[in-house]
$ cat work_35.tsv   # TSV, C-alpha atoms and all ligand atoms
chain	number	residue	atom	x	y	z
A	165	MET	CA	79.09	198.40	134.55
A	166	ALA	CA	81.74	196.40	132.69
A	167	ALA	CA	84.31	199.10	133.54
A	168	ASN	CA	84.11	198.08	137.21
A	169	LEU	CA	84.47	194.37	136.54
A	170	SER	CA	87.55	192.25	136.08
A	171	SER	CA	88.27	191.33	132.47
A	172	ARG	CA	87.73	187.68	133.49
A	173	ILE	CA	84.17	188.13	134.70
A	174	ALA	CA	83.29	190.66	131.97
A	175	LEU	CA	84.25	188.06	129.35
A	176	ALA	CA	82.33	185.26	131.08
A	177	MET	CA	79.24	187.41	131.63
A	178	GLY	CA	79.33	188.64	128.03
A	179	GLU	CA	78.79	185.03	126.97
A	180	ILE	CA	76.52	183.83	129.75
A	181	LEU	CA	74.06	186.70	130.31
A	182	PRO	CA	72.49	186.60	126.81
A	183	LYS	CA	71.98	182.82	127.22
A	184	MET	CA	70.45	183.24	130.68
A	185	ALA	CA	68.12	185.94	129.33
A	186	ALA	CA	66.89	183.46	126.71
A	187	PHE	CA	65.99	180.94	129.44
A	188	SER	CA	63.80	183.28	131.48
A	189	PRO	CA	60.10	182.84	130.67
A	190	GLN	CA	59.00	185.22	127.91
A	191	HIS	CA	55.33	184.53	128.21
A	192	LYS	CA	53.00	185.74	130.88
A	193	SER	CA	49.64	184.21	131.36
A	194	SER	CA	46.83	186.62	130.50
A	195	ASN	CA	44.24	186.02	133.18
A	196	THR	CA	44.92	182.71	134.86
A	197	SER	CA	47.47	182.26	137.63
A	198	LEU	CA	50.43	180.51	136.09
A	199	ILE	CA	51.20	176.88	136.96
A	200	ASP	CA	54.93	176.54	136.50
A	201	LEU	CA	55.90	173.03	135.36
A	202	SER	CA	59.22	174.27	133.99
A	203	LEU	CA	61.22	174.39	137.21
A	204	ALA	CA	63.30	171.61	138.79
A	205	GLU	CA	61.53	172.00	142.12
A	206	ASN	CA	60.02	169.40	144.36
A	207	LEU	CA	56.81	170.89	145.71
A	208	LEU	CA	55.51	167.60	147.09
A	209	ILE	CA	57.04	167.79	150.53
A	210	ARG	CA	56.93	171.52	151.34
A	211	ASP	CA	54.46	171.18	154.22
A	212	GLU	CA	56.48	168.41	155.86
A	213	LEU	CA	59.67	170.45	155.44
A	214	VAL	CA	58.14	173.44	157.22
A	215	ASP	CA	57.17	171.19	160.13
A	216	ILE	CA	60.58	169.50	160.29
A	217	PHE	CA	62.51	172.77	160.15
A	218	LYS	CA	60.28	174.46	162.76
A	219	SER	CA	60.49	171.59	165.23
A	220	THR	CA	64.25	171.18	164.67
A	221	PHE	CA	64.87	174.84	165.45
A	222	GLN	CA	62.59	174.62	168.44
A	223	GLU	CA	64.09	171.47	169.90
A	224	GLU	CA	67.68	171.20	168.68
A	225	LEU	CA	69.11	174.72	168.26
A	226	THR	CA	71.96	175.41	170.68
A	227	PRO	CA	74.32	178.43	170.91
A	228	GLU	CA	77.15	176.29	169.44
A	229	ALA	CA	75.37	176.36	166.08
A	230	PHE	CA	76.65	179.94	165.68
A	231	SER	CA	80.32	179.07	166.24
A	232	LEU	CA	82.95	179.42	163.56
A	233	PRO	CA	83.31	176.29	161.44
A	234	HIS	CA	86.03	173.90	162.56
A	235	GLU	CA	86.92	172.44	159.17
A	236	PHE	CA	87.19	173.77	155.63
A	237	SER	CA	85.38	170.85	154.06
A	238	GLY	CA	82.29	170.95	156.28
A	239	GLU	CA	81.60	170.06	159.90
A	240	LEU	CA	82.47	166.50	160.89
A	241	SER	CA	79.16	166.33	162.73
A	242	VAL	CA	77.40	166.72	159.37
A	243	ARG	CA	79.80	164.71	157.19
A	244	THR	CA	79.54	161.69	159.52
A	245	PRO	CA	75.76	161.17	159.05
A	246	LEU	CA	76.17	162.04	155.36
A	247	ALA	CA	78.73	159.23	155.01
A	248	SER	CA	76.20	156.83	156.61
A	249	PHE	CA	73.55	158.09	154.20
A	250	PHE	CA	75.75	157.35	151.15
A	251	ASN	CA	76.77	153.96	152.57
A	252	ARG	CA	73.15	153.00	153.08
A	253	PHE	CA	71.55	154.28	149.87
A	254	PHE	CA	74.33	154.51	147.21
A	255	LYS	CA	75.84	151.06	147.88
A	256	PRO	CA	79.45	152.16	147.47
A	257	ALA	CA	82.08	149.59	146.49
A	258	VAL	CA	84.34	151.05	149.20
A	259	ASN	CA	82.87	152.41	152.44
A	260	VAL	CA	82.41	156.20	152.29
A	261	GLU	CA	84.23	157.89	155.20
A	262	PRO	CA	83.58	161.46	156.36
A	263	GLU	CA	87.01	162.47	155.00
A	264	HIS	CA	85.88	161.48	151.49
A	265	ILE	CA	83.20	164.18	151.63
A	266	VAL	CA	83.56	167.88	150.88
A	267	MET	CA	80.52	170.04	151.57
A	268	THR	CA	79.53	172.99	149.39
A	269	ALA	CA	76.37	175.04	149.02
A	270	GLY	CA	74.72	172.59	146.61
A	271	VAL	CA	75.70	170.67	143.50
A	272	GLY	CA	76.11	173.81	141.39
A	273	THR	CA	78.80	175.31	143.60
A	274	CYS	CA	80.34	171.85	144.04
A	275	LEU	CA	80.78	171.60	140.27
A	276	GLU	CA	82.25	175.09	140.17
A	277	ALA	CA	84.81	174.30	142.90
A	278	LEU	CA	85.60	170.90	141.42
A	279	VAL	CA	86.38	172.07	137.89
A	280	TYR	CA	88.35	174.97	139.34
A	281	SER	CA	90.45	172.34	141.11
A	282	ILE	CA	90.95	169.85	138.27
A	283	CYS	CA	90.99	172.03	135.13
A	284	GLU	CA	93.29	174.76	133.87
A	285	ASP	CA	91.89	178.03	132.51
A	286	GLY	CA	90.40	177.31	129.06
A	287	ASP	CA	90.25	173.50	129.42
A	288	THR	CA	87.17	171.63	128.24
A	289	ILE	CA	84.90	168.91	129.55
A	290	ILE	CA	82.58	166.62	127.61
A	291	ILE	CA	78.89	166.50	128.55
A	292	PRO	CA	76.48	164.08	126.89
A	293	GLY	CA	73.53	166.06	125.48
A	294	PRO	CA	70.85	166.91	126.21
A	295	TYR	CA	71.90	168.37	129.55
A	296	TRP	CA	70.79	170.85	132.19
A	297	PHE	CA	71.61	174.34	130.93
A	298	GLY	CA	72.67	175.46	134.44
A	299	PHE	CA	75.94	173.53	134.08
A	300	GLU	CA	77.44	176.13	131.79
A	301	PRO	CA	77.41	179.17	134.10
A	302	TYR	CA	79.00	177.06	136.87
A	303	LEU	CA	81.72	175.80	134.52
A	304	ARG	CA	82.39	179.03	132.72
A	305	THR	CA	82.12	181.87	135.24
A	306	ARG	CA	84.97	181.14	137.63
A	307	ALA	CA	87.04	178.32	136.15
A	308	ASN	CA	86.60	179.33	132.48
A	309	VAL	CA	85.97	175.73	131.48
A	310	LYS	CA	84.31	175.16	128.11
A	311	THR	CA	81.99	172.34	127.10
A	312	ILE	CA	81.92	169.85	124.25
A	313	VAL	CA	78.54	168.20	123.70
A	314	ALA	CA	78.54	164.44	123.08
A	315	ASN	CA	75.54	164.24	120.76
A	316	LEU	CA	72.94	161.48	120.62
A	317	GLU	CA	71.41	160.22	117.41
A	318	SER	CA	68.02	159.69	118.98
A	319	TYR	CA	66.38	160.33	122.34
A	320	GLN	CA	65.40	156.68	122.64
A	321	ASP	CA	67.70	154.47	124.71
A	322	HIS	CA	70.29	157.15	125.36
A	323	GLY	CA	72.46	154.83	127.47
A	324	SER	CA	73.30	152.52	124.59
A	325	GLN	CA	74.59	155.51	122.58
A	326	LEU	CA	76.74	157.00	125.33
A	327	ILE	CA	80.14	155.50	124.58
A	328	GLN	CA	79.98	156.12	120.85
A	329	ALA	CA	78.89	159.70	121.49
A	330	LEU	CA	81.80	160.21	123.91
A	331	GLU	CA	84.28	158.71	121.43
A	332	GLU	CA	83.05	160.95	118.63
A	333	ALA	CA	83.14	164.05	120.83
A	334	TYR	CA	86.67	163.22	121.98
A	335	SER	CA	88.11	162.37	118.55
A	336	SER	CA	86.50	165.33	116.78
A	337	SER	CA	87.87	167.83	119.31
A	338	PRO	CA	90.55	170.06	117.76
A	339	ASN	CA	92.57	169.76	120.96
A	340	PRO	CA	91.90	166.54	122.94
A	341	SER	CA	94.76	167.31	125.34
A	342	ARG	CA	92.64	170.16	126.78
A	343	ILE	CA	89.76	167.79	127.62
A	344	LYS	CA	89.89	167.05	131.36
A	345	ALA	CA	86.66	165.32	132.30
A	346	VAL	CA	83.33	163.77	131.36
A	347	LEU	CA	80.31	165.12	133.23
A	348	LEU	CA	77.45	162.61	133.53
A	349	CYS	CA	74.01	163.31	134.90
A	350	ASN	CA	72.56	160.11	136.37
A	351	PRO	CA	69.57	159.93	136.90
A	352	HIS	CA	69.32	162.13	133.86
A	353	ASN	CA	67.91	165.64	133.68
A	354	PRO	CA	65.78	166.08	131.50
A	355	PHE	CA	65.12	162.39	130.71
A	356	SER	CA	64.53	161.05	134.28
A	357	GLN	CA	66.18	157.79	133.18
A	358	CYS	CA	69.30	156.00	134.48
A	359	PHE	CA	72.42	154.55	132.89
A	360	SER	CA	73.00	150.82	133.32
A	361	PRO	CA	75.98	149.59	135.41
A	362	GLU	CA	77.58	148.23	132.19
A	363	VAL	CA	77.34	151.60	130.41
A	364	LEU	CA	78.68	153.39	133.47
A	365	LYS	CA	81.63	150.97	133.69
A	366	SER	CA	82.42	151.51	130.00
A	367	CYS	CA	82.34	155.24	130.65
A	368	LEU	CA	84.78	154.84	133.56
A	369	SER	CA	87.13	152.82	131.30
A	370	PHE	CA	86.79	155.43	128.55
A	371	CYS	CA	87.93	158.09	131.03
A	372	GLN	CA	90.72	155.97	132.53
A	373	ASP	CA	92.14	155.20	129.06
A	374	ARG	CA	92.34	158.90	128.23
A	375	GLY	CA	93.42	160.17	131.65
A	376	LEU	CA	90.12	162.00	132.22
A	377	HIS	CA	88.17	162.64	135.41
A	378	VAL	CA	84.58	161.43	135.76
A	379	ILE	CA	82.11	163.76	137.41
A	380	SER	CA	78.81	162.06	138.20
A	381	ASP	CA	75.96	164.41	139.07
A	382	GLU	CA	73.63	162.12	141.05
A	383	LEU	CA	71.36	164.87	142.31
A	384	TYR	CA	68.15	163.08	141.30
A	385	ALA	CA	69.15	159.75	142.87
A	386	LEU	CA	66.49	157.95	144.92
A	387	ALA	CA	63.58	159.94	143.49
A	388	SER	CA	62.29	156.68	142.09
A	389	ILE	CA	58.95	156.41	140.41
A	390	LYS	CA	57.48	153.18	141.64
A	391	GLY	CA	55.10	151.98	138.99
A	392	PRO	CA	54.34	148.69	137.32
A	393	LYS	CA	57.49	146.74	136.47
A	394	THR	CA	59.25	148.14	133.42
A	395	ASP	CA	62.57	147.32	131.79
A	396	LEU	CA	63.82	150.84	132.56
A	397	MET	CA	67.11	150.86	134.46
A	398	LYS	CA	67.07	151.53	138.17
A	399	PHE	CA	69.63	153.93	139.60
A	400	THR	CA	73.21	152.71	140.04
A	401	SER	CA	75.64	155.09	141.66
A	402	VAL	CA	79.12	155.39	140.18
A	403	LEU	CA	80.20	155.03	143.83
A	404	SER	CA	79.20	151.37	143.64
A	405	LEU	CA	81.43	150.77	140.60
A	406	ILE	CA	84.70	152.27	141.75
A	407	ASP	CA	87.33	149.62	141.24
A	408	ASP	CA	91.06	150.20	140.78
A	409	LYS	CA	91.01	147.73	137.90
A	410	ILE	CA	88.66	150.08	136.01
A	411	ILE	CA	89.65	153.58	137.13
A	412	ASN	CA	91.76	155.28	139.79
A	413	ALA	CA	89.40	156.37	142.53
A	414	ASP	CA	91.00	159.83	142.71
A	415	ARG	CA	89.62	160.57	139.23
A	416	VAL	CA	86.01	159.90	140.25
A	417	HIS	CA	83.79	162.59	141.79
A	418	ILE	CA	80.16	162.14	142.82
A	419	MET	CA	77.96	165.16	143.45
A	420	TRP	CA	74.72	165.07	145.40
A	421	SER	CA	72.63	167.52	147.39
A	422	GLY	CA	69.34	167.40	149.22
A	423	SER	CA	67.88	170.13	147.03
A	424	LYS	CA	65.57	167.87	145.02
A	425	LEU	CA	64.96	164.83	147.10
A	426	LEU	CA	64.44	165.30	150.84
A	427	GLY	CA	61.57	163.36	152.29
A	428	LEU	CA	62.29	160.07	150.57
A	429	SER	CA	59.48	157.64	151.16
A	430	GLY	CA	56.48	159.94	151.17
A	431	MET	CA	57.66	161.65	148.05
A	432	ARG	CA	58.02	158.40	146.13
A	433	ILE	CA	54.34	157.55	146.43
A	434	ARG	CA	53.26	161.02	145.46
A	435	LEU	CA	55.75	161.17	142.59
A	436	THR	CA	54.34	157.93	141.21
A	437	LEU	CA	50.75	159.19	141.35
A	438	SER	CA	51.65	162.45	139.60
A	439	TYR	CA	53.79	160.65	137.03
A	440	ASP	CA	50.99	158.19	136.22
A	441	ARG	CA	48.47	161.01	135.83
A	442	LEU	CA	50.77	162.98	133.49
A	443	SER	CA	51.75	159.98	131.37
A	444	GLU	CA	48.09	158.86	131.00
A	445	ASN	CA	47.24	162.28	129.60
A	446	LEU	CA	50.23	162.37	127.26
A	447	LYS	CA	49.11	159.01	125.87
A	448	LYS	CA	45.56	160.31	125.47
A	449	TRP	CA	46.89	163.26	123.48
A	450	GLY	CA	49.03	160.91	121.34
A	451	ILE	CA	52.20	162.65	122.50
A	452	GLU	CA	55.51	160.78	122.37
A	453	PHE	CA	57.44	160.88	125.64
A	454	LEU	CA	60.36	159.15	127.31
A	455	PRO	CA	59.11	156.92	130.12
A	456	ALA	CA	60.69	158.03	133.38
A	457	SER	CA	62.04	155.82	136.16
A	458	GLU	CA	63.88	158.20	138.48
A	459	GLY	CA	63.49	161.97	138.71
A	460	MET	CA	60.85	164.68	138.60
A	461	PHE	CA	60.36	165.35	134.89
A	462	VAL	CA	58.91	163.88	131.73
A	463	PHE	CA	60.58	164.80	128.44
A	464	ALA	CA	57.82	164.86	125.84
A	465	LYS	CA	57.25	165.98	122.26
A	466	LEU	CA	54.46	168.31	123.32
A	467	ALA	CA	54.42	170.26	120.06
A	468	LYS	CA	54.03	167.05	118.10
A	469	ASP	CA	53.01	168.68	114.81
A	470	ALA	CA	55.59	171.49	114.88
A	471	LYS	CA	57.87	171.49	111.83
A	472	THR	CA	60.11	174.32	113.02
A	473	GLY	CA	61.45	175.65	116.31
A	474	GLU	CA	59.23	178.73	115.86
A	475	GLU	CA	56.10	176.58	115.56
A	476	ALA	CA	57.10	174.72	118.74
A	477	ASP	CA	57.67	178.05	120.53
A	478	GLU	CA	54.20	179.17	119.45
A	479	LEU	CA	52.63	176.13	121.11
A	480	PHE	CA	54.64	176.65	124.32
A	481	ALA	CA	53.61	180.33	124.31
A	482	GLU	CA	49.98	179.34	123.84
A	483	LEU	CA	50.21	176.94	126.79
A	484	ALA	CA	51.78	179.70	128.90
A	485	LYS	CA	49.00	182.11	127.93
A	486	ASN	CA	46.59	179.47	129.10
A	487	GLY	CA	48.39	179.29	132.43
A	488	VAL	CA	50.95	176.45	132.17
A	489	LEU	CA	54.67	176.95	131.78
A	490	VAL	CA	56.88	174.09	130.54
A	491	SER	CA	60.61	174.12	129.84
A	492	PRO	CA	61.33	174.06	126.07
A	493	GLY	CA	63.65	171.25	124.97
A	494	LYS	CA	65.79	173.62	122.90
A	495	PHE	CA	67.44	174.83	126.12
A	496	TYR	CA	69.07	171.46	126.79
A	497	ASN	CA	71.66	171.10	124.00
A	498	GLY	CA	69.90	168.09	122.55
A	499	ILE	CA	69.46	166.93	118.96
A	500	ASN	CA	68.91	169.88	116.60
A	501	THR	CA	66.55	168.00	114.34
A	502	GLU	CA	64.29	166.92	117.21
A	503	ILE	CA	61.66	169.66	117.28
A	504	GLY	CA	58.83	170.23	119.75
A	505	TRP	CA	60.17	168.57	122.93
A	506	ALA	CA	59.72	170.04	126.39
A	507	ARG	CA	60.57	169.09	129.95
A	508	ILE	CA	57.49	168.91	132.17
A	509	THR	CA	57.92	168.85	135.94
A	510	PHE	CA	55.41	166.63	137.73
A	511	SER	CA	56.65	166.97	141.33
A	512	VAL	CA	53.68	169.20	142.18
A	513	SER	CA	50.57	168.29	144.16
A	514	LEU	CA	47.96	166.19	142.35
A	515	ASP	CA	45.45	169.07	142.53
A	516	VAL	CA	47.87	171.45	140.84
A	517	LEU	CA	48.82	168.86	138.24
A	518	GLN	CA	45.14	168.13	137.57
A	519	GLU	CA	44.46	171.82	136.99
A	520	ALA	CA	47.56	172.10	134.74
A	521	LEU	CA	46.38	169.10	132.69
A	522	ALA	CA	42.90	170.58	132.30
A	523	ARG	CA	44.43	173.80	130.99
A	524	MET	CA	46.79	171.88	128.69
A	525	SER	CA	43.84	169.87	127.38
A	526	GLN	CA	42.22	173.01	126.03
A	527	ILE	CA	45.21	173.41	123.71
A	528	LEU	CA	46.44	169.85	123.19
A	529	ASP	CA	43.08	168.19	122.47
A	530	ARG	CA	43.27	170.07	119.17
A	531	GLN	CA	46.42	168.17	118.23
A	532	VAL	CA	44.83	164.73	118.72
A	533	SER	CA	44.51	163.16	115.31
A	601	LIG	C1	71.29	168.21	136.89
A	601	LIG	C2	71.37	169.29	137.93
A	601	LIG	N1	72.53	169.45	138.62
A	601	LIG	C3	72.63	170.43	139.56
A	601	LIG	C4	71.58	171.28	139.86
A	601	LIG	C5	71.77	172.31	140.94
A	601	LIG	O1	71.67	171.66	142.17
A	601	LIG	P1	71.81	172.44	143.58
A	601	LIG	O2	70.48	173.05	143.86
A	601	LIG	O3	72.18	171.40	144.57
A	601	LIG	O4	72.90	173.44	143.38
A	601	LIG	C6	70.37	171.13	139.16
A	601	LIG	C7	69.23	172.02	139.45
A	601	LIG	O5	68.22	172.02	138.80
A	601	LIG	C8	70.25	170.10	138.18
A	601	LIG	O6	69.12	169.91	137.50
$ encode --input "work_35.tsv" --output "structure tokens"
Amino acid sequence: MAANLSSRIALAMGEILPKMAAFSPQHKSSNTSLIDLSLAENLLIRDELVDIFKSTFQEELTPEAFSLPHEFSGELSVRTPLASFFNRFFKPAVNVEPEHIVMTAGVGTCLEALVYSICEDGDTIIIPGPYWFGFEPYLRTRANVKTIVANLESYQDHGSQLIQALEEAYSSSPNPSRIKAVLLCNPHNPFSQCFSPEVLKSCLSFCQDRGLHVISDELYALASIKGPKTDLMKFTSVLSLIDDKIINADRVHIMWSGSKLLGLSGMRIRLTLSYDRLSENLKKWGIEFLPASEGMFVFAKLAKDAKTGEEADELFAELAKNGVLVSPGKFYNGINTEIGWARITFSVSLDVLQEALARMSQILDRQVS
């Protein structure tokens, strides 16, 4: 196959395909139908989406919908309501106009096009770990952009460690002049927590001082978990902090898509119920987890007694055999010495979550000391 490929893509695929193979689930459930809590999917609003799409096609579809596009960056008739959406929910410091928006087929392809536009072949960008493993294929395949991980010392209070982690990553790079950007994920995947406005501003200054771009992946914005009052940060968009005194606006790029959120208000209530149910059970099992404020996941030390990565994998495999798939923490470029963590998706219906918890109980009750 490689003979028919360009040397560029053969090189990129040679690196990426083995990693992707490692991410695909190894374990199949023996007799139960698998409940997949490893995917970043929002299953809470599927029924409503079917209704909305059916009625929209029925009532709104006109022959013009099949015309050639008029603009390269997306139809004005879509960018105009999108601008209103950002102005209403992201509280931008400067009004978002349709011409500020470029439409792509989701955040992944947006990142790919963006780094292709701001980086040279072989440049690097810094990403605070842990981070979503899907970033790498989008960075590497077309633009050949490499990553430097800004490592945390602990998973607790990741925001307060951000600037030091960025400084260390930058200064320990063998070639800082090839670093072109910092990629933030806020709200964070896999932590489902947000950076404070102060931390975000310091990050903007860090980038301005070094001539770097800031890419803020805000895909999980507005998926807030409305529970009892906590001191966890609420979401602040980088859009609301753009200020020429801190950073030139043309170095700041926000990415968002509807792929996780859609269906705002209804989803919030259901997210909260599912989150509460999952966190109650984690507490009952004595499992450490990061409390979530915005997003669809809980990052938890499910294999709490595991001493090695293999022991953690054994527990995840056992859960999968019993019909529940979670996403092992080792995929997220986190802290090497933190063993046993996993990302658990809770944006599924309460019935499904209840069944998943019952299955998990059969394994995890054993761990309760
Ligand atoms: C942090 C993050 N960014 C981007 C994406 C991809 O988003 P999209 O579906 O809009 O391409 C994902 C998908 O899981 C994600 O978790």
$ residues_around --input "work_35.tsv" --residues "range 326-340 of chain A" --least-positions-apart "4" --cutoff "7 Å" --atoms "all atoms listed in the file" --output "mmCIF file with C-alpha atoms, keeping the file's coordinate frame"
data_model
loop_
_atom_site.group_PDB
_atom_site.id
_atom_site.type_symbol
_atom_site.label_atom_id
_atom_site.label_comp_id
_atom_site.auth_asym_id
_atom_site.auth_seq_id
_atom_site.Cartn_x
_atom_site.Cartn_y
_atom_site.Cartn_z
ATOM 1 C CA ILE A 312 81.920 169.850 124.250
ATOM 2 C CA VAL A 313 78.540 168.200 123.700
ATOM 3 C CA ALA A 314 78.540 164.440 123.080
ATOM 4 C CA ASN A 315 75.540 164.240 120.760
ATOM 5 C CA LEU A 316 72.940 161.480 120.620
ATOM 6 C CA HIS A 322 70.290 157.150 125.360
ATOM 7 C CA CYS A 367 82.340 155.240 130.650
#
$ residues_around --input "work_35.tsv" --residues "Val462 in chain A" --least-positions-apart "5" --cutoff "9 Å" --atoms "all atoms listed in the file" --output "short mmCIF file (atom, residue, chain, number, x, y, z; two decimals) with C-alpha atoms, in the frame of the given file"
data_model
loop_
_atom_site.label_atom_id
_atom_site.label_comp_id
_atom_site.auth_asym_id
_atom_site.auth_seq_id
_atom_site.Cartn_x
_atom_site.Cartn_y
_atom_site.Cartn_z
CA PRO A 354 65.78 166.08 131.50
CA PHE A 355 65.12 162.39 130.71
CA SER A 356 64.53 161.05 134.28
CA TYR A 439 53.79 160.65 137.03
CA LEU A 442 50.77 162.98 133.49
CA SER A 443 51.75 159.98 131.37
CA PHE A 453 57.44 160.88 125.64
CA LEU A 454 60.36 159.15 127.31
CA PRO A 455 59.11 156.92 130.12
CA ALA A 456 60.69 158.03 133.38
CA ALA A 506 59.72 170.04 126.39
CA ARG A 507 60.57 169.09 129.95
CA ILE A 508 57.49 168.91 132.17
CA THR A 509 57.92 168.85 135.94
CA PHE A 510 55.41 166.63 137.73
#
$ closest_atom_pairs --input "work_35.tsv" --of "chain A" --to "ligand LIG 601 (chain A)" --cutoff "8 Å" --atoms "only C-alpha atoms and all ligand atoms" --output "JSON lines"
{"residue": "A:Leu203", "atom": "CA", "partner": "A:LIG601", "partner_atom": "O5", "distance": 7.6}
{"residue": "A:Ala204", "atom": "CA", "partner": "A:LIG601", "partner_atom": "O5", "distance": 4.9}
{"residue": "A:Glu205", "atom": "CA", "partner": "A:LIG601", "partner_atom": "O5", "distance": 7.5}
{"residue": "A:Ala269", "atom": "CA", "partner": "A:LIG601", "partner_atom": "O4", "distance": 6.8}
{"residue": "A:Gly270", "atom": "CA", "partner": "A:LIG601", "partner_atom": "O3", "distance": 3.5}
{"residue": "A:Val271", "atom": "CA", "partner": "A:LIG601", "partner_atom": "O3", "distance": 3.8}
{"residue": "A:Gly272", "atom": "CA", "partner": "A:LIG601", "partner_atom": "O4", "distance": 3.8}
{"residue": "A:Thr273", "atom": "CA", "partner": "A:LIG601", "partner_atom": "O4", "distance": 6.2}
{"residue": "A:Cys274", "atom": "CA", "partner": "A:LIG601", "partner_atom": "O4", "distance": 7.6}
{"residue": "A:Tyr295", "atom": "CA", "partner": "A:LIG601", "partner_atom": "C1", "distance": 7.4}
{"residue": "A:Trp296", "atom": "CA", "partner": "A:LIG601", "partner_atom": "C1", "distance": 5.4}
{"residue": "A:Gly298", "atom": "CA", "partner": "A:LIG601", "partner_atom": "C6", "distance": 6.8}
{"residue": "A:Phe299", "atom": "CA", "partner": "A:LIG601", "partner_atom": "N1", "distance": 7.0}
{"residue": "A:Cys349", "atom": "CA", "partner": "A:LIG601", "partner_atom": "C1", "distance": 5.9}
{"residue": "A:His352", "atom": "CA", "partner": "A:LIG601", "partner_atom": "C1", "distance": 7.1}
{"residue": "A:Asn353", "atom": "CA", "partner": "A:LIG601", "partner_atom": "C1", "distance": 5.3}
{"residue": "A:Pro354", "atom": "CA", "partner": "A:LIG601", "partner_atom": "O6", "distance": 7.9}
{"residue": "A:Asp381", "atom": "CA", "partner": "A:LIG601", "partner_atom": "N1", "distance": 6.1}
{"residue": "A:Glu382", "atom": "CA", "partner": "A:LIG601", "partner_atom": "C1", "distance": 7.7}
{"residue": "A:Leu383", "atom": "CA", "partner": "A:LIG601", "partner_atom": "N1", "distance": 6.0}
{"residue": "A:Tyr384", "atom": "CA", "partner": "A:LIG601", "partner_atom": "C1", "distance": 7.5}
{"residue": "A:Trp420", "atom": "CA", "partner": "A:LIG601", "partner_atom": "O3", "distance": 6.9}
{"residue": "A:Ser421", "atom": "CA", "partner": "A:LIG601", "partner_atom": "O3", "distance": 4.8}
{"residue": "A:Gly422", "atom": "CA", "partner": "A:LIG601", "partner_atom": "O3", "distance": 6.8}
{"residue": "A:Ser423", "atom": "CA", "partner": "A:LIG601", "partner_atom": "O2", "distance": 5.0}
{"residue": "A:Lys424", "atom": "CA", "partner": "A:LIG601", "partner_atom": "O2", "distance": 7.2}
$ residues_around --input "work_35.tsv" --residues "Gly323 in chain A" --least-positions-apart "6" --cutoff "8 Å" --atoms "only C-alpha atoms" --output "ChimeraX atom specification"
/A:358-360,363
$ write_last_selection --input "work_35.tsv" --atoms "C-alpha atoms" --output "short mmCIF file (atom, residue, chain, number, x, y, z; two decimals), in the frame of the given file"
data_model
loop_
_atom_site.label_atom_id
_atom_site.label_comp_id
_atom_site.auth_asym_id
_atom_site.auth_seq_id
_atom_site.Cartn_x
_atom_site.Cartn_y
_atom_site.Cartn_z
CA CYS A 358 69.30 156.00 134.48
CA PHE A 359 72.42 154.55 132.89
CA SER A 360 73.00 150.82 133.32
CA VAL A 363 77.34 151.60 130.41
#
$ closest_residue --input "work_35.tsv" --among "A:Gln325, A:Ser318, A:Ser341, A:Thr394" --to "Ser366 in chain A" --atoms "all atoms listed in the file"
A:Gln325
$ atom_distance --input "work_35.tsv" --atom1 "CA of Asp407 in chain A" --atom2 "CA of Ser369 in chain A"
10.4 Å
$ axis_aligned_box --input "work_35.tsv" --around "range 490-505 of chain A" --padding-each-side "5 Å" --output "lines of an AutoDock Vina configuration file"
center_x = 64.3
center_y = 170.9
center_z = 122.4
size_x = 24.8
size_y = 17.9
size_z = 26.2
$ residues_around --input "work_35.tsv" --residues "Phe253 in chain A" --least-positions-apart "3" --cutoff "8 Å" --atoms "all atoms listed in the file" --output "list of chain:residue names"
A:Phe249, A:Phe250, A:Leu386
$ atom_distance --input "work_35.tsv" --atom1 "CA of Leu208 in chain A" --atom2 "CA of Val512 in chain A"
5.5 Å
$ closest_residue --input "work_35.tsv" --among "A:Leu376, A:Leu347, A:Ile499, A:Leu483" --to "Leu528 in chain A" --atoms "all atoms listed in the file"
A:Leu483
$ atom_distance --input "work_35.tsv" --atom1 "CA of Asp200 in chain A" --atom2 "CA of Thr501 in chain A"
26.4 Å
$ residues_around --input "work_35.tsv" --residues "range 435-437 of chain A" --least-positions-apart "4" --cutoff "8 Å" --atoms "only C-alpha atoms" --output "mmCIF file with C-alpha atoms, in the frame of the given file"
data_model
loop_
_atom_site.group_PDB
_atom_site.id
_atom_site.type_symbol
_atom_site.label_atom_id
_atom_site.label_comp_id
_atom_site.auth_asym_id
_atom_site.auth_seq_id
_atom_site.Cartn_x
_atom_site.Cartn_y
_atom_site.Cartn_z
ATOM 1 C CA LEU A 208 55.510 167.600 147.090
ATOM 2 C CA ALA A 387 63.580 159.940 143.490
ATOM 3 C CA SER A 388 62.290 156.680 142.090
ATOM 4 C CA ILE A 389 58.950 156.410 140.410
ATOM 5 C CA LYS A 390 57.480 153.180 141.640
ATOM 6 C CA GLY A 391 55.100 151.980 138.990
ATOM 7 C CA MET A 431 57.660 161.650 148.050
ATOM 8 C CA ARG A 441 48.470 161.010 135.830
ATOM 9 C CA MET A 460 60.850 164.680 138.600
ATOM 10 C CA PHE A 510 55.410 166.630 137.730
ATOM 11 C CA SER A 511 56.650 166.970 141.330
ATOM 12 C CA LEU A 514 47.960 166.190 142.350
#
$ closest_residue --input "work_35.tsv" --among "A:Glu317, A:Asp287, A:Tyr280, A:Ser202" --to "Phe187 in chain A" --atoms "all atoms listed in the file"
A:Ser202
$ closest_residue --input "work_35.tsv" --among "A:Thr268, A:Gln531, A:Thr226, A:Ser248" --to "Lys465 in chain A" --atoms "all atoms listed in the file"
A:Gln531
